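A.B. asks: See model-v9.cif below, with mmCIF, C-alpha atoms and all ligand atoms.
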```
data_data
loop_
_atom_site.label_atom_id
_atom_site.label_comp_id
_atom_site.auth_asym_id
_atom_site.auth_seq_id
_atom_site.Cartn_x
_atom_site.Cartn_y
_atom_site.Cartn_z
CA MET A 2 -13.08 21.73 16.90
CA SER A 3 -13.48 23.06 13.40
CA SER A 4 -17.15 22.21 13.04
CA ALA A 5 -18.04 24.70 15.79
CA ASN A 6 -16.31 27.59 14.02
CA PRO A 7 -17.26 29.19 10.72
CA ARG A 8 -15.60 27.29 7.92
CA PRO A 9 -12.59 29.11 6.51
CA PRO A 10 -12.69 30.13 2.85
CA THR A 11 -10.19 27.41 1.83
CA ALA A 12 -12.87 24.84 2.60
CA ASP A 13 -15.42 26.70 0.46
CA LEU A 14 -12.99 27.01 -2.42
CA TYR A 15 -12.12 23.36 -2.14
CA ASP A 16 -15.69 22.14 -2.00
CA ALA A 17 -16.75 24.38 -4.87
CA HIS A 18 -14.06 23.29 -7.31
CA VAL A 19 -12.56 19.90 -6.42
CA LEU A 20 -14.29 16.84 -7.83
CA ASN A 21 -16.64 15.39 -5.29
CA ASN A 22 -15.39 11.78 -5.44
CA TYR A 23 -14.45 11.34 -1.78
CA GLY A 24 -16.73 11.70 1.24
CA ARG A 25 -14.37 13.98 3.12
CA PRO A 26 -14.49 15.07 6.74
CA PRO A 27 -14.42 18.84 7.37
CA LEU A 28 -10.71 19.01 7.96
CA THR A 29 -8.02 21.02 6.17
CA LEU A 30 -4.45 20.00 6.94
CA VAL A 31 -1.74 22.60 6.56
CA ARG A 32 1.51 21.26 8.02
CA GLY A 33 3.12 18.23 9.57
CA ARG A 34 6.13 17.11 11.54
CA GLY A 35 6.90 13.50 12.32
CA ALA A 36 3.72 11.69 13.32
CA GLN A 37 1.82 14.94 13.88
CA VAL A 38 -0.24 17.13 11.54
CA TRP A 39 -1.99 20.42 12.15
CA ASP A 40 -5.19 21.75 10.63
CA ASP A 41 -5.88 25.33 9.59
CA GLU A 42 -7.11 26.17 13.07
CA GLU A 43 -3.92 24.94 14.77
CA ASN A 44 -5.48 21.75 16.11
CA ALA A 45 -2.85 19.01 16.31
CA TYR A 46 -3.55 15.40 15.36
CA LEU A 47 -1.60 12.19 15.72
CA ASP A 48 -1.48 11.03 12.13
CA PHE A 49 -1.85 7.25 11.92
CA THR A 50 -3.25 7.58 8.42
CA SER A 51 0.19 8.55 7.09
CA GLY A 52 -1.47 9.58 3.83
CA ILE A 53 -2.66 5.95 3.52
CA ALA A 54 0.62 4.23 4.40
CA VAL A 55 2.61 6.71 2.31
CA SER A 56 4.50 8.92 4.76
CA ALA A 57 6.84 6.16 5.90
CA LEU A 58 9.19 8.59 7.67
CA GLY A 59 6.40 10.74 9.07
CA HIS A 60 6.01 14.28 7.81
CA CYS A 61 8.95 16.41 6.68
CA HIS A 62 11.80 14.24 7.91
CA PRO A 63 14.84 16.57 7.74
CA HIS A 64 16.98 14.17 5.69
CA TRP A 65 14.16 13.60 3.20
CA VAL A 66 13.44 17.33 2.90
CA GLN A 67 17.12 18.07 2.35
CA ALA A 68 17.49 15.33 -0.29
CA VAL A 69 14.42 16.52 -2.20
CA GLN A 70 15.48 20.17 -2.00
CA HIS A 71 18.96 19.33 -3.18
CA GLN A 72 17.74 17.23 -6.13
CA ALA A 73 15.17 19.88 -7.09
CA GLY A 74 18.05 22.30 -7.55
CA GLN A 75 20.04 19.87 -9.65
CA LEU A 76 17.76 17.99 -12.07
CA ILE A 77 14.07 17.23 -11.72
CA HIS A 78 12.87 15.50 -14.86
CA THR A 79 14.43 14.07 -17.99
CA SER A 80 11.85 11.46 -19.18
CA ASN A 81 12.86 7.86 -19.64
CA LEU A 82 14.40 8.58 -23.03
CA PHE A 83 17.66 9.04 -21.11
CA ARG A 84 19.34 7.39 -18.17
CA ASN A 85 19.44 9.18 -14.87
CA PRO A 86 21.80 8.16 -12.11
CA ARG A 87 19.28 8.27 -9.25
CA GLN A 88 17.11 5.70 -11.05
CA GLY A 89 20.00 3.28 -11.39
CA ASP A 90 20.84 3.69 -7.69
CA LEU A 91 17.26 3.09 -6.63
CA ALA A 92 16.78 0.08 -8.92
CA ARG A 93 19.94 -1.49 -7.48
CA ARG A 94 18.72 -0.90 -3.93
CA LEU A 95 15.38 -2.54 -4.69
CA VAL A 96 17.02 -5.49 -6.45
CA GLU A 97 19.16 -5.97 -3.34
CA ARG A 98 15.94 -6.27 -1.35
CA ALA A 99 13.81 -8.26 -3.79
CA GLY A 100 16.37 -10.51 -5.44
CA PRO A 101 17.93 -10.79 -8.90
CA GLY A 102 15.75 -9.07 -11.47
CA ARG A 103 14.94 -5.68 -12.93
CA VAL A 104 12.87 -2.68 -11.91
CA PHE A 105 10.50 -0.40 -13.82
CA PHE A 106 9.48 2.90 -12.22
CA CYS A 107 6.09 4.54 -12.49
CA ASN A 108 4.00 6.96 -10.45
CA SER A 109 1.40 5.11 -8.41
CA GLY A 110 0.17 1.78 -7.15
CA ALA A 111 -2.42 1.44 -9.88
CA GLU A 112 0.19 2.13 -12.54
CA ALA A 113 2.50 -0.47 -11.00
CA ASN A 114 -0.32 -3.00 -11.11
CA GLU A 115 -1.10 -2.17 -14.74
CA GLY A 116 2.50 -3.09 -15.46
CA LEU A 117 2.04 -6.41 -13.65
CA ILE A 118 -1.15 -7.20 -15.56
CA LYS A 119 0.64 -6.45 -18.83
CA LEU A 120 3.48 -8.69 -17.67
CA ALA A 121 0.98 -11.51 -17.06
CA ARG A 122 -0.31 -11.09 -20.63
CA LEU A 123 3.23 -11.36 -22.00
CA HIS A 124 3.93 -14.42 -19.90
CA GLY A 125 0.66 -15.95 -21.12
CA MET A 126 1.63 -15.31 -24.73
CA ARG A 127 4.98 -16.99 -24.13
CA LYS A 128 3.23 -19.90 -22.47
CA ALA A 129 0.84 -20.25 -25.42
CA GLY A 130 3.77 -20.52 -27.83
CA GLY A 131 3.44 -16.95 -29.05
CA VAL A 132 -0.33 -16.95 -29.54
CA GLU A 133 -1.78 -13.67 -28.35
CA GLY A 134 -5.02 -13.41 -26.40
CA ARG A 135 -5.47 -17.01 -25.37
CA CYS A 136 -3.61 -17.54 -22.11
CA ILE A 137 -4.78 -14.39 -20.33
CA LYS A 138 -6.40 -15.55 -17.11
CA ILE A 139 -5.37 -14.03 -13.80
CA ILE A 140 -6.54 -15.35 -10.45
CA GLY A 141 -6.95 -12.84 -7.64
CA ALA A 142 -8.43 -12.91 -4.15
CA GLU A 143 -11.87 -11.99 -2.91
CA GLN A 144 -11.81 -8.65 -1.04
CA GLY A 145 -8.60 -7.69 -2.83
CA PHE A 146 -7.88 -4.15 -3.97
CA HIS A 147 -5.52 -3.22 -6.77
CA GLY A 148 -6.39 0.32 -7.81
CA ARG A 149 -8.82 2.37 -9.87
CA THR A 150 -7.56 1.96 -13.43
CA PHE A 151 -9.37 -0.51 -15.69
CA GLY A 152 -6.81 -3.21 -14.97
CA GLY A 153 -6.83 -2.45 -11.26
CA MET A 154 -10.64 -2.40 -11.09
CA SER A 155 -10.84 -5.66 -13.02
CA ALA A 156 -8.60 -7.26 -10.41
CA THR A 157 -10.74 -5.80 -7.61
CA PRO A 158 -13.90 -7.85 -7.15
CA GLN A 159 -15.94 -5.27 -5.30
CA GLU A 160 -19.24 -3.89 -6.46
CA LYS A 161 -18.54 -0.43 -5.04
CA ILE A 162 -15.34 -0.19 -7.10
CA GLN A 163 -16.62 -1.71 -10.35
CA HIS A 164 -20.17 -0.38 -10.54
CA GLY A 165 -20.70 2.05 -13.39
CA PHE A 166 -17.52 1.17 -15.23
CA ARG A 167 -18.26 -2.17 -16.85
CA PRO A 168 -17.31 -3.81 -19.15
CA LEU A 169 -13.94 -4.42 -17.51
CA LEU A 170 -10.99 -6.54 -18.63
CA THR A 171 -11.86 -10.19 -19.08
CA GLY A 172 -10.00 -13.13 -17.64
CA PHE A 173 -10.13 -12.39 -13.91
CA SER A 174 -11.43 -14.88 -11.38
CA PHE A 175 -11.15 -14.91 -7.62
CA GLY A 176 -10.31 -17.44 -4.95
CA LYS A 177 -10.78 -17.16 -1.21
CA LEU A 178 -7.75 -15.74 0.59
CA ASN A 179 -5.92 -18.47 2.54
CA ASP A 180 -7.94 -21.23 0.88
CA LEU A 181 -5.39 -22.81 -1.44
CA ARG A 182 -7.92 -25.28 -2.84
CA SER A 183 -10.12 -22.44 -4.09
CA PHE A 184 -7.17 -21.05 -6.07
CA ALA A 185 -6.06 -24.44 -7.38
CA ASP A 186 -9.60 -25.12 -8.62
CA LEU A 187 -9.53 -21.98 -10.78
CA ILE A 188 -6.35 -22.87 -12.66
CA ASP A 189 -6.63 -24.13 -16.23
CA GLN A 190 -4.30 -24.09 -19.26
CA ASP A 191 -5.27 -20.49 -20.06
CA THR A 192 -4.15 -19.17 -16.67
CA ALA A 193 -1.14 -16.86 -16.76
CA ALA A 194 -0.75 -15.58 -13.21
CA ILE A 195 -1.87 -15.40 -9.62
CA PHE A 196 -2.05 -11.83 -8.34
CA ILE A 197 -2.81 -10.98 -4.72
CA GLU A 198 -1.88 -8.54 -1.97
CA THR A 199 0.40 -10.12 0.62
CA ILE A 200 -1.74 -8.32 3.20
CA GLN A 201 -5.05 -6.96 1.97
CA GLY A 202 -5.24 -3.30 2.92
CA GLU A 203 -8.46 -1.70 1.66
CA GLY A 204 -10.27 -5.04 2.07
CA GLY A 205 -9.83 -4.83 5.85
CA ILE A 206 -6.23 -5.81 6.81
CA ASN A 207 -6.36 -9.49 5.90
CA PRO A 208 -2.93 -11.15 5.80
CA ALA A 209 -2.16 -14.07 3.53
CA THR A 210 -0.74 -16.75 5.80
CA PRO A 211 2.83 -17.98 5.22
CA GLU A 212 1.54 -21.48 4.44
CA PHE A 213 -0.89 -20.09 1.89
CA LEU A 214 1.83 -18.01 0.21
CA ARG A 215 4.12 -21.02 0.06
CA GLY A 216 1.26 -23.06 -1.38
CA LEU A 217 0.65 -20.42 -4.07
CA ARG A 218 4.37 -20.45 -4.88
CA THR A 219 4.21 -24.20 -5.47
CA LEU A 220 1.01 -23.94 -7.53
CA CYS A 221 2.57 -21.26 -9.70
CA THR A 222 5.80 -23.17 -10.23
CA GLU A 223 3.97 -26.40 -11.08
CA ASN A 224 1.59 -24.72 -13.51
CA ASN A 225 3.99 -22.22 -15.09
CA LEU A 226 2.13 -19.21 -13.68
CA LEU A 227 3.64 -15.97 -12.49
CA LEU A 228 3.18 -15.29 -8.79
CA MET A 229 2.66 -11.52 -8.65
CA LEU A 230 2.38 -9.86 -5.26
CA ASP A 231 0.84 -6.43 -4.76
CA GLU A 232 2.92 -4.90 -1.97
CA VAL A 233 1.75 -1.37 -2.72
CA GLN A 234 0.46 -0.93 0.82
CA CYS A 235 2.16 -3.64 2.90
CA GLY A 236 5.63 -3.30 1.35
CA VAL A 237 8.55 -0.98 2.08
CA GLY A 238 8.91 -1.80 5.75
CA ARG A 239 5.34 -1.59 7.00
CA THR A 240 5.41 -5.05 8.58
CA GLY A 241 8.95 -4.86 9.94
CA ALA A 242 10.37 -6.66 6.90
CA PHE A 243 11.12 -4.72 3.73
CA PHE A 244 8.55 -6.80 1.84
CA ALA A 245 5.71 -8.50 3.71
CA PHE A 246 6.26 -11.77 1.83
CA GLU A 247 9.68 -12.13 3.47
CA HIS A 248 7.90 -13.34 6.61
CA ALA A 249 6.75 -16.37 4.59
CA ASP A 250 10.13 -16.99 3.04
CA VAL A 251 8.79 -17.12 -0.50
CA ARG A 252 9.97 -15.29 -3.58
CA PRO A 253 7.38 -14.05 -6.08
CA ASP A 254 8.04 -13.61 -9.80
CA ALA A 255 7.01 -9.96 -9.71
CA ILE A 256 6.18 -7.31 -7.12
CA GLY A 257 4.18 -4.10 -7.28
CA MET A 258 5.07 -1.32 -4.86
CA ALA A 259 4.30 2.36 -4.41
CA LYS A 260 2.79 4.03 -1.34
CA GLY A 261 5.61 4.11 1.22
CA LEU A 262 8.39 4.04 -1.36
CA GLY A 263 8.63 7.80 -1.91
CA GLY A 264 7.81 8.81 1.66
CA GLY A 265 5.19 11.20 0.25
CA PHE A 266 6.60 11.82 -3.19
CA PRO A 267 4.59 9.96 -5.86
CA ILE A 268 6.52 6.96 -7.14
CA GLY A 269 5.62 3.38 -7.93
CA ALA A 270 7.71 0.48 -9.13
CA ILE A 271 7.53 -3.06 -10.31
CA TRP A 272 10.28 -5.55 -9.72
CA ILE A 273 10.38 -8.48 -12.14
CA GLY A 274 12.48 -11.53 -11.35
CA GLU A 275 14.89 -13.15 -13.78
CA THR A 276 12.43 -15.64 -15.28
CA ALA A 277 10.18 -12.86 -16.57
CA GLN A 278 12.36 -9.75 -16.77
CA ASP A 279 13.00 -10.14 -20.52
CA LEU A 280 9.33 -10.26 -21.47
CA PHE A 281 9.28 -6.47 -21.77
CA GLN A 282 11.36 -5.42 -24.76
CA PRO A 283 12.06 -1.87 -25.96
CA GLY A 284 8.87 -0.06 -26.91
CA MET A 285 6.48 -2.40 -25.12
CA HIS A 286 5.83 -0.31 -22.01
CA GLY A 287 6.58 3.16 -20.79
CA THR A 288 5.65 6.24 -18.81
CA THR A 289 6.68 9.86 -19.15
CA PHE A 290 7.07 10.74 -15.50
CA GLY A 291 8.11 7.42 -13.95
CA GLY A 292 11.35 7.42 -12.01
CA THR A 293 12.31 11.05 -12.38
CA PRO A 294 15.55 12.09 -10.66
CA LEU A 295 13.42 13.92 -8.09
CA ALA A 296 11.13 10.98 -7.32
CA CYS A 297 14.09 8.62 -7.09
CA ALA A 298 15.96 11.00 -4.79
CA ALA A 299 12.91 11.01 -2.50
CA ALA A 300 12.76 7.21 -2.48
CA LEU A 301 16.51 6.91 -1.92
CA ALA A 302 16.13 9.24 1.06
CA VAL A 303 13.44 6.91 2.45
CA LEU A 304 15.73 3.90 2.06
CA ASP A 305 18.68 5.80 3.57
CA VAL A 306 16.71 6.83 6.64
CA MET A 307 15.25 3.35 7.00
CA GLU A 308 18.80 2.05 7.21
CA GLN A 309 20.36 4.85 9.25
CA GLU A 310 17.57 4.84 11.84
CA ASP A 311 17.08 1.08 11.68
CA LEU A 312 13.36 1.47 11.08
CA LEU A 313 12.67 -2.18 10.29
CA ALA A 314 14.06 -3.01 13.73
CA ASN A 315 11.96 -0.20 15.22
CA VAL A 316 8.80 -1.74 13.80
CA GLN A 317 9.85 -5.25 14.87
CA GLN A 318 10.74 -4.16 18.39
CA LEU A 319 7.79 -1.90 19.17
CA SER A 320 5.00 -3.86 17.49
CA PRO A 321 4.55 -6.70 20.01
CA ALA A 322 3.87 -4.41 23.00
CA TRP A 323 1.64 -2.18 20.86
CA HIS A 324 -0.34 -5.15 19.59
CA GLN A 325 -0.76 -6.27 23.19
CA GLN A 326 -2.17 -2.87 24.15
CA LEU A 327 -4.58 -3.05 21.21
CA ALA A 328 -5.56 -6.62 22.04
CA ALA A 329 -6.40 -5.38 25.55
CA LEU A 330 -8.96 -3.04 23.95
CA VAL A 331 -10.57 -6.02 22.25
CA GLU A 332 -10.77 -7.75 25.65
CA ALA A 333 -12.08 -4.71 27.49
CA TYR A 334 -14.68 -3.62 24.93
CA PRO A 335 -16.01 -6.77 23.23
CA GLN A 336 -19.32 -4.98 22.65
CA HIS A 337 -17.49 -2.62 20.26
CA VAL A 338 -14.30 -4.33 19.05
CA LYS A 339 -14.24 -7.80 17.54
CA ARG A 340 -10.58 -8.39 16.90
CA LEU A 341 -7.14 -7.17 16.04
CA LYS A 342 -5.74 -7.97 12.61
CA GLY A 343 -2.52 -7.34 10.76
CA SER A 344 1.18 -7.17 11.28
CA GLY A 345 3.82 -4.66 12.40
CA TYR A 346 2.69 -1.09 11.71
CA MET A 347 -0.20 -2.23 9.51
CA VAL A 348 -3.02 -3.20 11.81
CA GLY A 349 -6.77 -3.01 11.92
CA LEU A 350 -9.32 -3.18 14.67
CA GLN A 351 -12.41 -4.90 13.38
CA MET A 352 -15.35 -3.15 14.98
CA VAL A 353 -18.76 -4.63 15.66
CA GLU A 354 -20.35 -1.73 13.80
CA ASP A 355 -19.42 0.32 10.75
CA ALA A 356 -16.01 1.93 11.22
CA ALA A 357 -16.98 5.36 9.87
CA GLY A 358 -18.50 6.54 13.15
CA TRP A 359 -15.44 5.40 15.09
CA VAL A 360 -13.08 7.12 12.69
CA ALA A 361 -14.98 10.39 13.24
CA LEU A 362 -14.87 9.99 17.03
CA LEU A 363 -11.15 9.25 16.92
CA ARG A 364 -10.59 12.36 14.83
CA ALA A 365 -12.44 14.48 17.37
CA GLU A 366 -10.14 12.94 19.99
CA GLY A 367 -7.05 13.89 17.98
CA LEU A 368 -6.21 10.67 16.11
CA LEU A 369 -6.37 10.34 12.33
CA ALA A 370 -6.96 6.75 11.24
CA PRO A 371 -8.44 5.44 7.98
CA MET A 372 -11.13 2.81 7.73
CA ALA A 373 -11.04 -0.33 5.60
CA GLY A 374 -13.43 -3.03 4.50
CA GLY A 375 -16.45 -1.34 6.09
CA ASN A 376 -15.96 -2.22 9.73
CA VAL A 377 -12.20 -2.02 10.25
CA VAL A 378 -10.32 0.96 11.70
CA ARG A 379 -6.80 0.90 10.28
CA LEU A 380 -3.76 2.15 12.14
CA LEU A 381 -0.83 2.99 9.87
CA PRO A 382 1.76 4.91 11.90
CA PRO A 383 4.93 6.17 10.26
CA LEU A 384 7.70 3.58 10.51
CA ASN A 385 9.59 5.81 12.94
CA ALA A 386 6.65 6.20 15.34
CA THR A 387 7.87 5.87 18.93
CA ALA A 388 6.50 3.71 21.73
CA ALA A 389 5.02 6.88 23.26
CA GLU A 390 3.19 7.73 20.03
CA LEU A 391 1.87 4.20 19.65
CA THR A 392 0.58 4.31 23.21
CA GLN A 393 -0.93 7.75 22.63
CA ALA A 394 -3.02 6.25 19.82
CA VAL A 395 -4.15 3.39 22.06
CA ASP A 396 -5.12 5.86 24.80
CA CYS A 397 -7.14 7.86 22.29
CA PHE A 398 -8.95 4.75 21.17
CA GLN A 399 -9.51 3.73 24.76
CA ARG A 400 -11.11 7.10 25.62
CA VAL A 401 -13.43 6.89 22.62
CA LEU A 402 -14.45 3.33 23.50
CA ALA A 403 -14.96 4.17 27.17
CA ALA A 404 -17.17 7.15 26.29
CA LYS A 405 -19.49 4.85 24.28
CA SER A 406 -19.70 2.11 26.94
C1 LIG B 501 -3.45 1.96 -2.64
C2 LIG B 501 -3.33 0.65 -3.32
C3 LIG B 501 -3.29 0.54 -4.72
C4 LIG B 501 -3.50 1.73 -5.61
O1 LIG B 501 -2.49 2.66 -5.50
P1 LIG B 501 -2.68 4.14 -6.09
O2 LIG B 501 -1.36 4.78 -5.85
O3 LIG B 501 -3.80 4.76 -5.33
O4 LIG B 501 -3.00 3.98 -7.53
C5 LIG B 501 -3.08 -0.70 -5.27
N1 LIG B 501 -2.92 -1.79 -4.50
C6 LIG B 501 -2.94 -1.72 -3.16
C7 LIG B 501 -2.73 -2.95 -2.35
C8 LIG B 501 -3.16 -0.50 -2.53
O5 LIG B 501 -3.22 -0.45 -1.19
#
```
Taking this structure as input, can you express it in the form of structure tokens?
Ligand SMILES: *Cc1c(COP(=O)(O)O)cnc(C)c1O

C.D. replies:
Amino acid sequence: MSSANPRPPTADLYDAHVLNNYGRPPLTLVRGRGAQVWDDEENAYLDFTSGIAVSALGHCHPHWVQAVQHQAGQLIHTSNLFRNPRQGDLARRLVERAGPGRVFFCNSGAEANEGLIKLARLHGMRKAGGVEGRCIKIIGAEQGFHGRTFGGMSATPQEKIQHGFRPLLTGFSFGKLNDLRSFADLIDQDTAAIFIETIQGEGGINPATPEFLRGLRTLCTENNLLLMLDEVQCGVGRTGAFFAFEHADVRPDAIGMAKGLGGGFPIGAIWIGETAQDLFQPGMHGTTFGGTPLACAAALAVLDVMEQEDLLANVQQLSPAWHQQLAALVEAYPQHVKRLKGSGYMVGLQMVEDAAGWVALLRAEGLLAPMAGGNVVRLLPPLNATAAELTQAVDCFQRVLAAKS
């Protein structure tokens, strides 16, 4: 493994010049194919990090590569001062999935969520009869995560995210996930929106239950609040449905998405349903880079491959057996693993101890998996991961657990 060899100069260059805001392992990745990546010493890894749920098609899917190469030779960027045909195509495809409404394109999950928070302010102003600044409250969930911008941090009630950056935006309060009462109790006439992840990712893979989501829908409708769902991590097929909320059969008023949408190319989007789509009028929001022809071509390639290779069905069909294999690890090693959480290709093993040590052991065994919420090891395979690859990850985990028992 790399730690035994002298570190190559790329690592020195990196560590000398790149901002030190991540605690990174000593690993330099140089190429990838499907669910595999290779480091600069030709070690292969099974990549169940997928760039944090981004590489939905795995690495360098040939159709995606071809689409991006083709678009790069045609038109890359125009700004949003003009129409571009790829953006219209992609917006239509997302509206087909989400329901009647409109789409705004941006470049990241945090930027999508900023758009949602601004939307909540506009809805609040409408609700307050045009008075600005009064109806601005947004209710989120404990252990939620919505990004690192000021809006995103304000919606993220975690000391490790917020510390050092206060004062944040005002108006945020937080209920307990899956405790409808705790959300209802926070609503007053100055509340504009409820904003949660359908499945909490960074907080440790905590799904909102279907009953809870339906309860929030009713609360929002009764109190004239927007129900805004952050599907940045759990959306775009990760759970075997295009959006995770589809499992609960609810429709939100607005959706934030990003990670998997571009299959590795940076793109984010918000979908706004018909009741709120006209709140943004010309000049009220914007972004220079959002929805470039190139980014949209990448996202269209993701949607095309999802359809051509029936990837939602792949996730639906392979998940149950995989979850069973993982549940068997919980049974076999209760001294190390507490439980399995999540849905489809977005799962977490909650460990008894801090997950960081396990993540390092898994890496040494050839499996890349991110941690979440302190003691959860996340597994986020590409949506086209095969049964053999899923089992390979389980075997890796099993070896690591057995070696510590
Ligand atoms: C990753 C993530 C974000 C932030 O996305 P960035 O692209 O890193 O800004 C927001 N919400 C959720 C649920 C996420 O998982």

A.B. asks: Residues within 12 Å of (-12.9, 10.0, 19.3), file coordinates, counting all atoms listed in the file: what are they? Give the list as a list in words.

C.D. replies: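 Selection result: Met2, Tyr46, Ala356, Ala357, Gly358, Trp359, Val360, Ala361, Leu362, Leu363, Arg364, Ala365, Glu366, Gly367, Leu368, Leu369, Ala370, Ala394, Val395, Asp396, Cys397, Phe398, Gln399, Arg400, Val401, Leu402, Ala403, Ala404 and Lys405 of chain A.
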
A.B. asks: Which protein, DNA or RNA residues have an atom within 7 Å of ligand LIG 501 (chain B), counting all atoms listed in the file, as a list in words?

C.D. replies: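 Every residue with an atom at most 7 Å from ligand LIG 501 (chain B) is listed here: Ser109, Gly110, Ala111, Glu112, Asn114, Phe146, His147, Gly148, Arg149, Glu198, Gln201, Gly202, Glu203, Asp231, Glu232, Val233, Gln234, Ala259 and Lys260 of chain A.
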
A.B. asks: Which residues come within 12 Å of range 86-93 of chain A, counting all atoms listed in the file, excluding same-chain residues fewer than 3 positions away, as an MDAnalysis selection string?

C.D. replies: chainID A and resid 68:69 72 75:81 83 96:107 262:263 268:273 291:305

A.B. asks: Can you check which parts of range 222-316 of chain A lie within 8 Å of range 372-393 of chain A? Per residue, the shortest pair of atoms and distance in Å to one decimal, counting only C-alpha atoms, sorted by chain and number, as JSON lines.

C.D. replies:
```
{"residue": "A:Gly238", "atom": "CA", "partner": "A:Leu384", "partner_atom": "CA", "distance": 7.3}
{"residue": "A:Arg239", "atom": "CA", "partner": "A:Leu384", "partner_atom": "CA", "distance": 6.7}
{"residue": "A:Leu312", "atom": "CA", "partner": "A:Asn385", "partner_atom": "CA", "distance": 6.0}
{"residue": "A:Leu313", "atom": "CA", "partner": "A:Leu384", "partner_atom": "CA", "distance": 7.6}
{"residue": "A:Asn315", "atom": "CA", "partner": "A:Asn385", "partner_atom": "CA", "distance": 6.9}
{"residue": "A:Val316", "atom": "CA", "partner": "A:Leu384", "partner_atom": "CA", "distance": 6.4}
```

A.B. asks: Pick from A:Pro335, A:Gly345, A:Pro158, A:Gly24: nearest to Gly141 in chain A, with only C-alpha atoms counted?

C.D. replies: A:Pro158
